[in-house]
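Structure, as C-alpha cells:
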Amino acid sequence: MKAILLAATLSLFLVSTAGAQSLPAELAQLGIIAGMPYVKAKRLLDAAGWQVKPVEGAPESLEGFPEVGCQKGGKQCATTFEKGGQQVAVRLGTTLAGQPFVQGAD
C-alpha cells in the first residue's frame, strides 16, 4: 500500500512540474513563478522598481489591464517591464473567469 501511495505521489509531482517553465533570474529572485496571478506578479515587480511598458501595436488590451496587449480573443497576452536598461517580456494566460496569470517570460 505504501508503494502505491509513493508511486501516485511521485507521478503527480512529475506531471505538475513537467509543464513548468523556468523564468528569468530577475523574476525568480522576486518569487514570481509560472501560474502566479498577474496582479501579484505586477505588485512584486512594481515594489522592486520595475516599470511597466505598455505593449504597442497589439490588436486589443486585456479588460482591466490596459498595459497588457493581446491577440484577438485574449488568448495570448503579454506585457513588458523595464528597469535600468533591462527589459522582461511577461507572457500571460487568462483563467476561465478572465483573470490573467503568468505563463512565462523572456
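Chain labels run A, B, ... following the order of the C-alpha cells; each chain numbers its residues from 1, and ligands are numbered from 1 in the order shown.
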
I'd like the neighbourhood of segment 78-91 of chain A as an MDAnalysis selection string, where a residue qualifies if any of its atoms comes within 7 Å (using only C-alpha atoms), though same-chain residues fewer than 6 positions away should be ignored. chainID A and resid 49:55 67:70 102:106

Give me the residues near Gln99 of chain A as a PyMOL selection string, where near means some atom within 10 Å (using only C-alpha atoms) and where sequence neighbours in that chain fewer than 3 positions away do not count. chain A and resi 37-39+62-65+92-96

Just the number, please: distance in Å from atom CA of Ala48 of chain A to atom CA of Leu30 of chain A, one decimal.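 Answer for the atom CA of Ala48 of chain A to atom CA of Leu30 of chain A separation: 7.9 Å.
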
Run DSSP on the backbone and grab whatever in segment 16-102 of chain A lands in strand (DSSP E or B); send it over as a PyMOL selection string. chain A and resi 37+51-53+60-62+65-70+77-83+86-94+100-102

May I have the residues from that selection written out with N, CA and C atoms, as a compact mmCIF listing (two decimals), in the first residue's frame?
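Saved result, selection.txt, follows:
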# COMPACT_ATOMS: atom_id res chain seq x y z
N PRO A 37 -0.91 34.63 -10.18
CA PRO A 37 -1.79 35.69 -10.71
C PRO A 37 -0.96 36.90 -11.13
N GLN A 51 9.25 49.12 -14.09
CA GLN A 51 8.18 49.94 -14.65
C GLN A 51 7.53 49.22 -15.81
N VAL A 52 6.21 49.17 -15.80
CA VAL A 52 5.50 48.52 -16.90
C VAL A 52 5.58 49.40 -18.14
N LYS A 53 5.80 48.78 -19.28
CA LYS A 53 5.83 49.47 -20.56
C LYS A 53 4.74 48.86 -21.42
N GLU A 60 -5.62 44.23 -29.24
CA GLU A 60 -6.52 44.64 -28.16
C GLU A 60 -5.78 44.54 -26.83
N SER A 61 -6.33 45.20 -25.80
CA SER A 61 -5.75 45.08 -24.46
C SER A 61 -6.70 44.24 -23.62
N LEU A 62 -6.16 43.71 -22.55
CA LEU A 62 -6.95 42.87 -21.66
C LEU A 62 -7.81 43.76 -20.78
N PHE A 65 -6.73 45.76 -17.64
CA PHE A 65 -5.26 45.79 -17.64
C PHE A 65 -4.79 46.42 -18.96
N PRO A 66 -4.88 47.76 -19.08
CA PRO A 66 -4.55 48.40 -20.35
C PRO A 66 -3.11 48.21 -20.79
N GLU A 67 -2.20 47.85 -19.86
CA GLU A 67 -0.80 47.64 -20.20
C GLU A 67 -0.55 46.27 -20.84
N VAL A 68 -1.55 45.40 -20.83
CA VAL A 68 -1.40 44.05 -21.36
C VAL A 68 -1.98 43.99 -22.77
N GLY A 69 -1.14 43.67 -23.74
CA GLY A 69 -1.57 43.54 -25.12
C GLY A 69 -1.90 42.09 -25.43
N CYS A 70 -2.97 41.88 -26.20
CA CYS A 70 -3.41 40.52 -26.52
C CYS A 70 -3.69 40.36 -28.01
N CYS A 77 -1.48 36.79 -24.44
CA CYS A 77 -1.27 38.16 -23.97
C CYS A 77 0.15 38.33 -23.45
N ALA A 78 0.61 39.59 -23.41
CA ALA A 78 1.96 39.87 -22.91
C ALA A 78 2.05 41.34 -22.51
N THR A 79 3.03 41.61 -21.67
CA THR A 79 3.39 42.97 -21.31
C THR A 79 4.89 42.99 -21.03
N THR A 80 5.46 44.17 -20.98
CA THR A 80 6.90 44.31 -20.78
C THR A 80 7.16 45.20 -19.58
N PHE A 81 8.17 44.82 -18.80
CA PHE A 81 8.63 45.63 -17.67
C PHE A 81 10.06 46.03 -17.93
N GLU A 82 10.43 47.27 -17.51
CA GLU A 82 11.78 47.80 -17.70
C GLU A 82 12.36 48.26 -16.37
N LYS A 83 13.69 48.08 -16.24
CA LYS A 83 14.40 48.60 -15.08
C LYS A 83 15.88 48.69 -15.42
N GLN A 86 17.21 47.17 -18.62
CA GLN A 86 16.82 45.79 -18.88
C GLN A 86 15.33 45.74 -19.18
N GLN A 87 14.94 44.77 -19.99
CA GLN A 87 13.53 44.54 -20.28
C GLN A 87 13.20 43.07 -20.05
N VAL A 88 12.00 42.83 -19.52
CA VAL A 88 11.49 41.48 -19.36
C VAL A 88 10.09 41.45 -19.95
N ALA A 89 9.88 40.59 -20.94
CA ALA A 89 8.56 40.41 -21.53
C ALA A 89 7.88 39.27 -20.80
N VAL A 90 6.72 39.54 -20.23
CA VAL A 90 5.97 38.55 -19.46
C VAL A 90 4.80 38.06 -20.31
N ARG A 91 4.76 36.74 -20.54
CA ARG A 91 3.65 36.12 -21.27
C ARG A 91 2.57 35.73 -20.28
N LEU A 92 1.32 36.04 -20.63
CA LEU A 92 0.20 35.81 -19.73
C LEU A 92 -0.87 34.95 -20.38
N GLY A 93 -1.50 34.16 -19.56
CA GLY A 93 -2.69 33.44 -19.96
C GLY A 93 -3.85 34.01 -19.17
N THR A 94 -5.05 33.55 -19.46
CA THR A 94 -6.21 34.00 -18.70
C THR A 94 -6.99 32.79 -18.19
N PRO A 100 -5.84 37.31 -15.55
CA PRO A 100 -4.53 36.96 -16.11
C PRO A 100 -3.61 36.29 -15.09
N PHE A 101 -2.76 35.38 -15.60
CA PHE A 101 -1.76 34.73 -14.78
C PHE A 101 -0.47 34.59 -15.59
N VAL A 102 0.66 34.48 -14.91
CA VAL A 102 1.97 34.39 -15.55
C VAL A 102 2.13 33.00 -16.18

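Between Met36 of chain A and the candidates A:Ala58, A:Leu23, A:Gln76, A:Ala97, the tightest atom-to-atom separation, counting only C-alpha atoms, involves A:Leu23.
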